[in-house]
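Student: Structure file my_file-v4.cif (mmCIF, C-alpha atoms) is given on the next line.
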data_input
loop_
_atom_site.label_atom_id
_atom_site.label_comp_id
_atom_site.auth_asym_id
_atom_site.auth_seq_id
_atom_site.Cartn_x
_atom_site.Cartn_y
_atom_site.Cartn_z
CA MET A 590 0.00 0.00 0.00
CA GLN A 591 2.74 2.45 0.94
CA SER A 592 4.75 1.86 -2.24
CA THR A 593 2.32 4.05 -4.21
CA GLU A 594 3.31 7.56 -5.22
CA ILE A 595 2.73 10.29 -2.61
CA GLU A 596 2.04 13.86 -3.73
CA ILE A 597 2.59 16.91 -1.50
CA HIS A 598 0.33 19.93 -1.80
CA VAL A 599 0.57 23.32 -0.07
CA HIS A 600 -2.61 25.16 0.88
CA PRO A 601 -2.78 28.83 1.96
CA SER A 602 -6.04 28.28 3.84
CA LEU A 603 -7.36 25.44 5.96
CA GLY A 604 -10.73 26.17 4.42
CA ASP A 605 -9.38 24.50 1.28
CA ILE A 606 -9.09 21.19 3.15
CA PRO A 607 -12.26 19.36 4.27
CA ALA A 608 -12.43 19.00 8.04
CA ALA A 609 -13.11 15.26 7.80
CA GLU A 610 -9.95 14.69 5.72
CA TRP A 611 -7.75 16.76 8.03
CA ASP A 612 -9.15 15.25 11.23
CA ALA A 613 -8.80 11.71 9.88
CA CYS A 614 -5.06 12.38 10.26
CA ALA A 615 -5.10 14.79 13.22
CA CYS A 616 -7.42 12.77 15.46
CA PRO A 617 -8.17 9.36 13.95
CA GLU A 618 -8.96 8.08 17.46
CA VAL A 619 -12.22 10.04 17.32
CA VAL A 620 -13.18 8.47 14.00
CA GLN A 621 -12.42 4.96 15.22
CA SER A 622 -13.64 5.13 18.83
CA ASP A 623 -16.90 3.42 19.77
CA GLY A 624 -16.19 2.58 23.42
CA PRO A 625 -18.51 2.66 26.43
CA ASP A 626 -17.81 6.35 27.23
CA PRO A 627 -19.14 8.29 24.23
CA ASP A 628 -18.09 11.70 25.56
CA LYS A 629 -14.49 10.60 25.99
CA ALA A 630 -14.55 8.71 22.69
CA ALA A 631 -15.65 11.88 20.91
CA ARG A 632 -12.82 13.94 22.41
CA PRO A 633 -9.50 14.11 20.54
CA VAL A 634 -6.26 13.36 22.30
CA ASP A 635 -4.93 16.75 21.17
CA PRO A 636 -7.46 19.56 20.63
CA PHE A 637 -4.87 21.91 19.13
CA THR A 638 -4.23 20.12 15.84
CA THR A 639 -7.92 19.66 15.06
CA HIS A 640 -9.33 21.37 12.02
CA ARG A 641 -11.64 23.49 14.18
CA PHE A 642 -8.85 24.90 16.38
CA LEU A 643 -6.50 25.77 13.54
CA LEU A 644 -9.36 27.20 11.48
CA ALA A 645 -10.40 29.36 14.45
CA LEU A 646 -6.92 30.89 14.45
CA GLU A 647 -7.18 31.60 10.75
CA ARG A 648 -10.75 32.89 10.64
CA SER A 649 -10.16 35.18 13.60
CA GLY A 650 -7.12 36.81 12.00
CA SER A 651 -4.83 35.53 14.75
CA VAL A 652 -2.70 34.04 11.95
CA GLY A 653 -2.47 35.26 8.38
CA ARG A 654 -1.75 38.62 6.80
CA GLY A 655 0.06 41.04 9.10
CA THR A 656 0.68 38.54 11.92
CA GLY A 657 3.99 37.00 10.83
CA TRP A 658 2.28 33.59 10.71
CA GLN A 659 1.41 32.93 7.06
CA PRO A 660 -0.36 29.55 6.63
CA ARG A 661 1.23 27.00 4.30
CA TYR A 662 -0.61 23.83 5.30
CA LEU A 663 0.98 20.65 4.02
CA VAL A 664 -1.16 17.81 2.71
CA ALA A 665 0.17 14.48 1.43
CA ARG A 666 -2.07 12.42 -0.85
CA SER A 667 -1.80 8.91 -2.17
CA GLU A 668 -4.15 7.96 -5.01
CA GLY A 669 -6.25 11.01 -4.14
CA ARG A 670 -6.61 10.14 -0.46
CA VAL A 671 -5.18 12.41 2.26
CA ILE A 672 -2.68 10.26 4.16
CA ALA A 673 -0.83 12.98 6.09
CA CYS A 674 -0.99 16.70 6.84
CA ALA A 675 0.76 19.31 8.95
CA PRO A 676 0.19 22.89 10.22
CA LEU A 677 3.03 24.75 8.49
CA TYR A 678 3.60 28.52 8.53
CA ALA A 679 6.01 30.94 6.93
CA LYS A 680 7.36 33.12 9.74
CA SER A 681 8.81 36.64 9.58
CA HIS A 682 9.77 36.62 13.29
CA SER A 683 10.15 34.17 16.19
CA GLN A 684 7.30 35.37 18.39
CA GLY A 685 4.68 33.02 19.79
CA GLU A 686 6.75 29.84 19.40
CA TYR A 687 8.04 29.13 22.96
CA VAL A 688 11.06 27.28 21.58
CA PHE A 689 13.23 30.34 21.31
CA ASP A 690 15.70 30.70 18.45
CA HIS A 691 16.33 34.45 18.80
CA SER A 692 20.02 33.84 19.44
CA TRP A 693 20.26 31.75 16.26
CA ALA A 694 18.63 34.54 14.26
CA HIS A 695 20.97 37.18 15.70
CA ALA A 696 24.05 35.06 15.03
CA PHE A 697 23.04 34.28 11.45
CA GLU A 698 22.23 37.91 10.70
CA ARG A 699 25.50 39.13 12.25
CA ALA A 700 27.25 36.79 9.82
CA GLY A 701 25.46 38.50 6.93
CA GLY A 702 22.58 36.05 6.40
CA ASP A 703 18.80 36.51 6.39
CA TYR A 704 17.25 34.28 9.02
CA TYR A 705 13.70 35.36 8.18
CA PRO A 706 11.49 34.23 6.61
CA LYS A 707 11.67 30.69 7.94
CA LEU A 708 9.24 27.77 8.11
CA GLN A 709 7.55 26.75 11.35
CA LEU A 710 5.64 23.49 11.65
CA ALA A 711 3.74 24.15 14.85
CA VAL A 712 0.50 25.09 16.52
CA PRO A 713 0.76 28.88 16.85
CA PHE A 714 1.03 30.30 20.37
CA THR A 715 0.64 26.83 21.90
CA PRO A 716 3.51 25.23 23.86
CA ALA A 717 1.79 21.88 24.22
CA THR A 718 3.35 18.60 23.12
CA GLY A 719 1.46 16.64 20.48
CA ARG A 720 1.83 15.06 17.07
CA ARG A 721 2.94 17.62 14.51
CA PHE A 722 3.27 15.26 11.55
CA LEU A 723 -0.33 14.16 11.34
CA THR A 724 -0.76 10.81 9.63
CA ALA A 725 -3.64 8.51 8.86
CA PRO A 726 -3.58 5.05 10.48
CA GLY A 727 -1.16 2.78 8.67
CA TRP A 728 0.72 5.69 7.10
CA HIS A 729 2.88 6.94 9.95
CA GLU A 730 6.34 6.24 8.54
CA ALA A 731 5.62 7.06 4.90
CA GLY A 732 3.41 10.02 5.80
CA MET A 733 5.93 11.60 8.15
CA ALA A 734 8.74 11.07 5.68
CA ALA A 735 6.69 12.79 2.96
CA LEU A 736 5.89 15.75 5.21
CA VAL A 737 9.51 16.17 6.29
CA GLN A 738 10.67 15.99 2.69
CA GLY A 739 8.00 18.47 1.65
CA MET A 740 8.89 20.95 4.41
CA VAL A 741 12.61 20.83 3.62
CA GLN A 742 12.01 21.05 -0.13
CA ILE A 743 9.83 24.13 0.27
CA ALA A 744 12.50 25.80 2.41
CA ALA A 745 15.27 24.92 -0.05
CA ASP A 746 13.31 25.92 -3.16
CA ASN A 747 12.53 29.32 -1.64
CA ASP A 748 16.06 29.92 -0.31
CA LEU A 749 14.84 30.01 3.29
CA SER A 750 17.31 29.78 6.16
CA SER A 751 15.60 27.07 8.17
CA ALA A 752 12.58 24.95 9.03
CA HIS A 753 11.45 23.98 12.53
CA ALA A 754 8.92 21.54 14.02
CA THR A 755 8.21 22.43 17.63
CA PHE A 756 6.61 20.56 20.54
CA CYS A 757 6.55 17.30 18.62
CA THR A 758 6.29 13.94 20.36
CA PRO A 759 9.39 12.00 21.50
CA GLN A 760 8.62 9.39 18.83
CA GLU A 761 8.53 12.06 16.11
CA ALA A 762 11.75 13.57 17.45
CA ALA A 763 13.51 10.21 17.17
CA ALA A 764 12.14 9.57 13.68
CA GLY A 765 13.01 13.10 12.51
CA GLU A 766 16.55 12.80 13.84
CA ALA A 767 16.93 9.54 11.90
CA MET A 768 15.90 11.48 8.79
CA GLY A 769 18.68 14.01 9.31
CA LEU A 770 16.89 16.75 11.25
CA MET A 771 18.48 18.20 14.38
CA HIS A 772 16.85 17.33 17.69
CA ARG A 773 16.40 19.94 20.43
CA THR A 774 15.10 19.38 23.95
CA GLY A 775 13.57 21.73 26.47
CA GLN A 776 11.51 21.35 29.60
CA GLN A 777 8.10 22.09 31.04
CA PHE A 778 6.33 21.30 34.29
CA HIS A 779 3.43 18.82 34.24
CA TRP A 780 1.25 17.44 37.03
CA GLN A 781 0.55 13.71 36.99
CA ASN A 782 -2.72 12.35 38.36
CA ARG A 783 -1.83 9.15 40.24
CA GLU A 784 -5.49 8.12 40.28
CA TYR A 785 -6.07 10.33 43.31
CA ALA A 786 -9.48 10.02 44.93
CA ASP A 787 -9.49 13.75 45.71
CA PHE A 788 -7.16 16.70 46.26
CA ASP A 789 -6.45 15.62 49.84
CA ALA A 790 -5.16 12.30 48.53
CA PHE A 791 -2.67 14.23 46.39
CA LEU A 792 -1.66 16.37 49.37
CA ALA A 793 -0.99 13.22 51.39
CA THR A 794 1.88 12.37 49.00
CA LEU A 795 3.70 15.65 49.73
CA SER A 796 6.16 16.56 52.43
CA SER A 797 4.46 18.13 55.44
CA ARG A 798 5.90 21.59 54.72
CA LYS A 799 4.74 21.61 51.08
CA ARG A 800 1.34 20.30 52.15
CA ARG A 801 0.93 23.14 54.66
CA ASN A 802 2.04 25.72 52.08
CA ILE A 803 -0.51 24.58 49.50
CA ARG A 804 -3.32 24.56 52.05
CA LYS A 805 -2.30 28.06 53.12
CA GLU A 806 -2.34 29.25 49.51
CA ARG A 807 -5.78 27.78 48.82
CA GLU A 808 -7.17 29.30 52.01
CA GLY A 809 -5.63 32.65 51.11
CA ALA A 810 -7.05 32.57 47.60
CA ALA A 811 -10.53 31.83 48.96
CA ARG A 812 -10.45 35.16 50.81
CA PHE A 813 -10.53 37.25 47.62
CA GLY A 814 -14.15 38.08 48.39
CA GLY A 815 -16.17 35.96 45.98
CA ARG A 816 -16.58 32.48 44.52
CA ILE A 817 -14.78 30.37 41.96
CA VAL A 818 -16.62 28.53 39.19
CA ARG A 819 -15.51 26.02 36.57
CA LEU A 820 -17.42 26.28 33.30
CA THR A 821 -17.40 24.13 30.19
CA GLY A 822 -19.58 23.50 27.16
CA ASP A 823 -22.94 25.26 27.20
CA GLU A 824 -22.21 26.66 30.67
CA ILE A 825 -19.95 29.17 28.95
CA GLU A 826 -21.80 32.26 27.76
CA PRO A 827 -20.59 34.97 25.35
CA GLU A 828 -20.29 37.47 28.22
CA HIS A 829 -17.75 35.20 29.87
CA TRP A 830 -15.51 35.71 26.85
CA ASP A 831 -15.94 39.48 27.14
CA ALA A 832 -14.52 39.24 30.65
CA PHE A 833 -11.75 36.86 29.70
CA TRP A 834 -10.71 39.07 26.79
CA ARG A 835 -10.05 41.87 29.29
CA PHE A 836 -7.91 39.48 31.35
CA TYR A 837 -6.06 38.20 28.30
CA GLN A 838 -5.31 41.70 26.98
CA ASP A 839 -3.76 42.72 30.29
CA THR A 840 -1.58 39.60 30.51
CA GLY A 841 -0.60 39.75 26.82
CA ALA A 842 0.39 43.40 27.02
CA ARG A 843 2.63 42.73 30.01
CA LYS A 844 4.21 39.47 28.80
CA TRP A 845 4.49 39.85 25.02
CA GLY A 846 3.87 43.55 24.33
CA HIS A 847 0.56 42.79 22.62
CA PRO A 848 -1.86 39.84 22.66
CA TYR A 849 -1.26 37.16 20.05
CA LEU A 850 -4.93 36.19 19.73
CA THR A 851 -7.67 38.47 18.46
CA ARG A 852 -11.01 39.01 20.18
CA ALA A 853 -12.67 37.13 17.31
CA PHE A 854 -10.72 33.97 18.21
CA PHE A 855 -12.71 33.58 21.43
CA ASP A 856 -15.96 33.97 19.49
CA GLU A 857 -14.82 31.16 17.20
CA VAL A 858 -14.02 29.01 20.23
CA GLN A 859 -17.45 29.69 21.69
CA GLU A 860 -19.05 28.63 18.42
CA THR A 861 -17.04 25.50 17.60
CA MET A 862 -14.96 24.44 20.63
CA ARG A 863 -16.72 25.27 23.89
CA ARG A 864 -16.94 21.54 24.74
CA ASP A 865 -13.13 21.48 24.51
CA VAL A 866 -12.75 24.34 27.00
CA LEU A 867 -12.60 24.64 30.77
CA LEU A 868 -12.95 28.26 31.85
CA VAL A 869 -12.19 28.95 35.51
CA LEU A 870 -13.51 32.27 36.78
CA ALA A 871 -13.25 34.13 40.06
CA LEU A 872 -16.53 36.02 40.54
CA ARG A 873 -17.43 38.80 42.91
CA GLY A 874 -21.18 38.67 42.73
CA ASP A 875 -21.73 38.04 39.03
CA GLU A 876 -18.69 40.04 37.94
CA PRO A 877 -15.56 38.10 36.88
CA VAL A 878 -12.37 39.58 38.34
CA ALA A 879 -9.89 36.88 37.21
CA GLY A 880 -9.88 33.81 35.02
CA ALA A 881 -7.89 30.93 33.56
CA LEU A 882 -8.50 29.26 30.21
CA ASN A 883 -7.80 25.55 29.71
CA PHE A 884 -8.35 23.22 26.76
CA ILE A 885 -9.43 19.64 27.37
CA GLY A 886 -7.82 16.66 25.66
CA ARG A 887 -8.85 13.05 26.04
CA ASP A 888 -6.36 12.43 28.86
CA THR A 889 -4.84 15.86 29.50
CA LEU A 890 -5.96 19.29 30.67
CA TYR A 891 -3.93 22.02 28.98
CA GLY A 892 -3.57 25.29 30.86
CA ARG A 893 -3.21 28.15 28.40
CA TYR A 894 -4.00 31.68 29.56
CA TRP A 895 -4.63 33.60 32.77
CA GLY A 896 -5.50 37.19 33.58
CA CYS A 897 -7.14 39.44 36.13
CA VAL A 898 -8.38 42.97 36.74
CA GLU A 899 -7.69 42.76 40.47
CA ASP A 900 -4.65 41.43 42.31
CA HIS A 901 -5.32 39.00 45.16
CA PRO A 902 -2.80 36.81 47.00
CA PHE A 903 -2.54 33.25 45.65
CA LEU A 904 -5.49 33.64 43.26
CA HIS A 905 -3.25 32.94 40.27
CA PHE A 906 -2.09 29.64 41.79
CA GLU A 907 -5.65 28.67 42.68
CA LEU A 908 -7.20 29.32 39.27
CA CYS A 909 -4.33 28.08 37.12
CA TYR A 910 -3.00 25.12 39.09
CA TYR A 911 -5.20 23.86 41.91
CA GLN A 912 -8.52 24.21 40.12
CA ALA A 913 -7.01 22.43 37.12
CA MET A 914 -5.86 19.60 39.36
CA ASP A 915 -9.30 19.39 40.98
CA HIS A 916 -10.91 19.12 37.54
CA ALA A 917 -8.43 16.47 36.38
CA ILE A 918 -9.07 14.36 39.47
CA ALA A 919 -12.84 14.70 39.17
CA HIS A 920 -12.84 13.72 35.48
CA GLY A 921 -10.12 11.07 35.48
CA LEU A 922 -7.62 13.00 33.37
CA ALA A 923 -4.08 11.69 33.57
CA ARG A 924 -2.20 14.98 33.66
CA VAL A 925 -2.27 18.76 33.66
CA GLU A 926 0.12 20.62 31.38
CA ALA A 927 0.43 24.15 32.69
CA GLY A 928 2.21 25.73 29.73
CA ALA A 929 5.72 27.06 29.28
CA GLN A 930 8.33 27.99 31.88
CA GLY A 931 7.70 28.47 35.59
CA GLU A 932 9.91 26.74 38.15
CA HIS A 933 7.45 28.02 40.77
CA LYS A 934 5.20 25.15 39.61
CA LEU A 935 7.62 22.65 41.15
CA ALA A 936 6.54 23.38 44.73
CA ARG A 937 2.93 22.80 43.68
CA GLY A 938 3.39 19.27 42.42
CA TYR A 939 4.28 19.97 38.79
CA LEU A 940 7.45 18.06 37.87
CA PRO A 941 9.83 18.77 34.97
CA VAL A 942 9.47 16.78 31.76
CA ALA A 943 11.37 17.00 28.48
CA THR A 944 9.93 18.68 25.40
CA HIS A 945 11.16 18.07 21.86
CA SER A 946 11.61 19.93 18.58
CA LEU A 947 13.23 19.28 15.19
CA HIS A 948 15.26 21.70 13.09
CA TRP A 949 16.68 21.95 9.59
CA ILE A 950 19.30 24.59 8.75
CA ALA A 951 20.21 25.30 5.13
CA ASP A 952 23.70 26.77 5.59
CA ALA A 953 26.24 24.00 6.28
CA GLY A 954 28.50 26.07 8.53
CA PHE A 955 25.65 27.46 10.57
CA ARG A 956 24.14 23.97 10.78
CA ARG A 957 27.34 22.62 12.36
CA ALA A 958 27.38 25.45 14.91
CA VAL A 959 23.75 24.86 15.86
CA ALA A 960 24.33 21.10 16.13
CA GLN A 961 27.17 21.68 18.61
CA PHE A 962 25.00 24.03 20.62
CA LEU A 963 22.13 21.54 20.70
CA GLU A 964 24.36 18.72 21.92
CA ALA A 965 25.52 20.80 24.88
CA GLU A 966 22.00 22.09 25.53
CA ARG A 967 20.52 18.58 25.62
CA GLU A 968 23.01 17.54 28.29
CA ALA A 969 22.25 20.66 30.33
CA VAL A 970 18.49 20.12 30.07
CA GLU A 971 18.83 16.47 31.10
CA ASP A 972 20.90 17.45 34.14
CA GLU A 973 18.48 20.22 35.09
CA ILE A 974 15.46 17.91 34.92
CA GLU A 975 17.23 15.42 37.17
CA VAL A 976 18.16 18.08 39.72
CA LEU A 977 14.74 19.76 39.74
CA THR A 978 12.96 16.45 40.11
CA SER A 979 15.03 15.72 43.19
CA TYR A 980 13.78 18.99 44.67
CA GLY A 981 10.14 18.09 44.08
CA PRO A 982 7.57 18.43 46.87
CA PHE A 983 6.83 14.73 47.27
CA ARG A 984 7.73 12.74 50.34
CA LYS A 985 10.92 10.81 49.67
CA THR A 986 9.29 7.46 50.35
CA THR A 987 6.57 8.31 47.84
CA ALA A 988 9.17 9.31 45.24
CA THR A 989 10.90 5.96 45.70
CA GLU A 990 7.61 4.09 45.33
CA ARG A 991 6.88 6.00 42.10
CA GLU A 992 10.17 4.84 40.64
#
Do you think you could lay out the structure here as structure tokens?
Tutor:
Amino acid sequence: MQSTEIEIHVHPSLGDIPAAEWDACACPEVVQSDGPDPDKAARPVDPFTTHRFLLALERSGSVGRGTGWQPRYLVARSEGRVIACAPLYAKSHSQGEYVFDHSWAHAFERAGGDYYPKLQLAVPFTPATGRRFLTAPGWHEAGMAALVQGMVQIAADNDLSSAHATFCTPQEAAAGEAMGLMHRTGQQFHWQNREYADFDAFLATLSSRKRRNIRKEREGAARFGGRIVRLTGDEIEPEHWDAFWRFYQDTGARKWGHPYLTRAFFDEVQETMRRDVLLVLALRGDEPVAGALNFIGRDTLYGRYWGCVEDHPFLHFELCYYQAMDHAIAHGLARVEAGAQGEHKLARGYLPVATHSLHWIADAGFRRAVAQFLEAEREAVEDEIEVLTSYGPFRKTTATERE
């Protein structure tokens, strides 16, 4: 079957690709699932590579003209059937990627080269690990190989400096490295649900000091003067997005200079993805004063954005971390991924894990320099993960049992 010819096509809009064809590669588990839990069976493992999420970015103007993220979706076909696809973008900057290559760009430009534009195979503004080379069942090896070849060929044909696939899976990283791409590692902090019966069961696994600190933080957050609600699906109303947009603008302006997402993106999410969303709001009366936005995968809760219009002690930790953990426990989710960076998460039960990306550099000399840097960086990341894990909040006996 896989000896047939594979053709690669580039599409400037996801609207050119039928949702069913894209999702048959992005989330085939939804197509094939018919288990006893229909709600879970209908939920994709990764909500961010679904047709509806990527199309929401495009329709809302969060990517496209003027954003520095110009869509160039890759589609591989065999005998007319879509067997693989990938969210590819031409980039004129390195913003919104969370695998930072600013130093590479500066070095290349100091040497007289043009680092931009480049190609980025990624989910924009989303530092969440998932499959990036989306393949139909039975086509993983041939489909990924075709997508890698297509990405590199596009970069070479257009005299681009580089191509990058970020937050790919460990399996994709290994396969891409075998194909000649350079492998980079980073780290994030994730919380693992050890089938806890409730939050107190999680606390029982911590050292007494960390347990007291978390209880103190939750008690302190509860004194903000209102109530906290968790909303999903039809519980989310358009006015909730009005409030969250205010929060998001404030956070985006402080962290990135301007928000990456447009207001229209949240309207798109309300229309097509509200079942994939957990919105945690702190309300005084009926007025939201702070909020955290999460997306729900089949086994993972992905923390994405937070913001507030009032500052209250520990409210950020409560909405972003502890409420997410409560939800994961209540709904049997295996983990919470709380986004990029943040060693402060360690004391709250989020342990370091490796993240992976793949890179192709056109210039041979620059490629050698980057490869040397990546080798040293991988060793440093591995050492840091080991050290940080040893400083985790869990009781030592519990850590030994987990091993």
Student: So, counting all atoms listed in the file, which residue among A:Arg873, A:Arg852, A:Arg984, A:Arg835 is closest to Ser649 of chain A?
Tutor: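 Distance minimum relative to Ser649 of chain A lands on A:Arg852.
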Student: May I ask which of the residues A:Ala725, A:Leu867, A:Val737, A:Ala608 is the closest one to Leu677 of chain A, counting all atoms listed in the file?
Tutor: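 Ranked by minimum distance to Leu677 of chain A, first place goes to A:Val737.
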Student: Can you list what the PyMOL selection byres ((chain A and resi 789-796) around 12) grabs from this structure, as an mmCIF file with C-alpha atoms, in the coordinates of the input?
Tutor:
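See selection_27.cif below for the written result:
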data_model
loop_
_atom_site.group_PDB
_atom_site.id
_atom_site.type_symbol
_atom_site.label_atom_id
_atom_site.label_comp_id
_atom_site.auth_asym_id
_atom_site.auth_seq_id
_atom_site.Cartn_x
_atom_site.Cartn_y
_atom_site.Cartn_z
ATOM 1 C CA TRP A 780 1.250 17.440 37.030
ATOM 2 C CA GLN A 781 0.550 13.710 36.990
ATOM 3 C CA ASN A 782 -2.720 12.350 38.360
ATOM 4 C CA ARG A 783 -1.830 9.150 40.240
ATOM 5 C CA GLU A 784 -5.490 8.120 40.280
ATOM 6 C CA TYR A 785 -6.070 10.330 43.310
ATOM 7 C CA ALA A 786 -9.480 10.020 44.930
ATOM 8 C CA ASP A 787 -9.490 13.750 45.710
ATOM 9 C CA PHE A 788 -7.160 16.700 46.260
ATOM 10 C CA SER A 797 4.460 18.130 55.440
ATOM 11 C CA ARG A 798 5.900 21.590 54.720
ATOM 12 C CA LYS A 799 4.740 21.610 51.080
ATOM 13 C CA ARG A 800 1.340 20.300 52.150
ATOM 14 C CA ARG A 801 0.930 23.140 54.660
ATOM 15 C CA ASN A 802 2.040 25.720 52.080
ATOM 16 C CA ILE A 803 -0.510 24.580 49.500
ATOM 17 C CA ARG A 804 -3.320 24.560 52.050
ATOM 18 C CA TYR A 911 -5.200 23.860 41.910
ATOM 19 C CA MET A 914 -5.860 19.600 39.360
ATOM 20 C CA ASP A 915 -9.300 19.390 40.980
ATOM 21 C CA ALA A 917 -8.430 16.470 36.380
ATOM 22 C CA ILE A 918 -9.070 14.360 39.470
ATOM 23 C CA LEU A 935 7.620 22.650 41.150
ATOM 24 C CA ALA A 936 6.540 23.380 44.730
ATOM 25 C CA ARG A 937 2.930 22.800 43.680
ATOM 26 C CA GLY A 938 3.390 19.270 42.420
ATOM 27 C CA TYR A 939 4.280 19.970 38.790
ATOM 28 C CA TYR A 980 13.780 18.990 44.670
ATOM 29 C CA GLY A 981 10.140 18.090 44.080
ATOM 30 C CA PRO A 982 7.570 18.430 46.870
ATOM 31 C CA PHE A 983 6.830 14.730 47.270
ATOM 32 C CA ARG A 984 7.730 12.740 50.340
ATOM 33 C CA LYS A 985 10.920 10.810 49.670
ATOM 34 C CA THR A 986 9.290 7.460 50.350
ATOM 35 C CA THR A 987 6.570 8.310 47.840
ATOM 36 C CA ALA A 988 9.170 9.310 45.240
ATOM 37 C CA THR A 989 10.900 5.960 45.700
ATOM 38 C CA GLU A 990 7.610 4.090 45.330
ATOM 39 C CA ARG A 991 6.880 6.000 42.100
#
Student: Could you tell me how far atom CA of Thr656 of chain A lies from atom CA of Tyr687 of chain A, in Å and to one decimal?
Tutor: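 So the answer is 16.3 Å.
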Student: Can you pull out the residues contacting segment 745-753 of chain A? Cut-off 6 Å, using only C-alpha atoms, and skip same-chain residues under 4 positions away; I want them as a PyMOL selection string.
Tutor: chain A and resi 704+707-710+947-951
Student: With all atoms listed in the file counted and 8 Å as the cut-off, give the residues of segment 883-969 of chain A in contact with segment 627-646 of chain A, each with its shortest interatomic distance in Å and the pair that gives it, as a Markdown table.
Tutor:
| residue | atom | partner | partner_atom | distance |
| --- | --- | --- | --- | --- |
| A:Phe884 | CA | A:Pro636 | CA | 7.2 |
| A:Ile885 | CA | A:Pro636 | CA | 7.0 |
| A:Gly886 | CA | A:Val634 | CA | 5.0 |
| A:Arg887 | CA | A:Val634 | CA | 4.6 |
| A:Asp888 | CA | A:Val634 | CA | 6.6 |
| A:Thr889 | CA | A:Val634 | CA | 7.8 |
Student: Quick check on the file I pasted: which residues fall under the PyMOL selection byres ((chain A and resi 609) around 12)? Write them as a list in words.
Tutor: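 Taken over the shown coordinates, the PyMOL selection byres ((chain A and resi 609) around 12) returns Leu603, Gly604, Asp605, Ile606, Pro607, Ala608, Glu610, Trp611, Asp612, Ala613, Cys614, Ala615, Cys616, Pro617, Val619, Val620, Thr639, His640, Arg641, Arg670, Val671 and Ala725 of chain A.
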Student: Is it possible to get the axis-aligned box enclosing segment 747-750 of chain A (all listed atoms, 3 Å extra per side) as lines of an AutoDock Vina configuration file, with centre and edge lengths in Å rounded to one decimal?
Tutor:
center_x = 14.9
center_y = 29.7
center_z = 2.3
size_x = 10.8
size_y = 6.7
size_z = 13.8
Student: On this structure, which residues satisfy the PyMOL selection byres ((chain A and resi 848) around 12), written as a ChimeraX atom specification?
Tutor: /A:651,656,684-685,714,834-847,849-852,854,894,896
Student: What's the 10 Å shell around segment 817-823 of chain A, counting all atoms listed in the file, without same-chain residues fewer than 2 positions away, as an MDAnalysis selection string?
Tutor: chainID A and resid 810:811 813 815 825:826 829 859 862:873 877 879:885 904 907:908 912:913 916
Student: Quick one: everything within 8 Å of His772 of chain A, counting all atoms listed in the file, minus sequence neighbours fewer than 4 positions away in the same chain. Send it as an MDAnalysis selection string.
Tutor: chainID A and resid 762:763 765:766 945:948 963
Student: Just give me the gap between atom CA of Ala919 of chain A and atom CA of Lys805 of chain A in Å, one decimal is fine.
Tutor: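 According to the coordinates, atom CA of Ala919 of chain A and atom CA of Lys805 of chain A are separated by 22.0 Å.
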Student: Record the distance separating atom CA of Ala665 of chain A and atom CA of Ala731 of chain A, expressed in Å with one decimal.
Tutor: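 According to the coordinates, atom CA of Ala665 of chain A and atom CA of Ala731 of chain A are separated by 9.8 Å.
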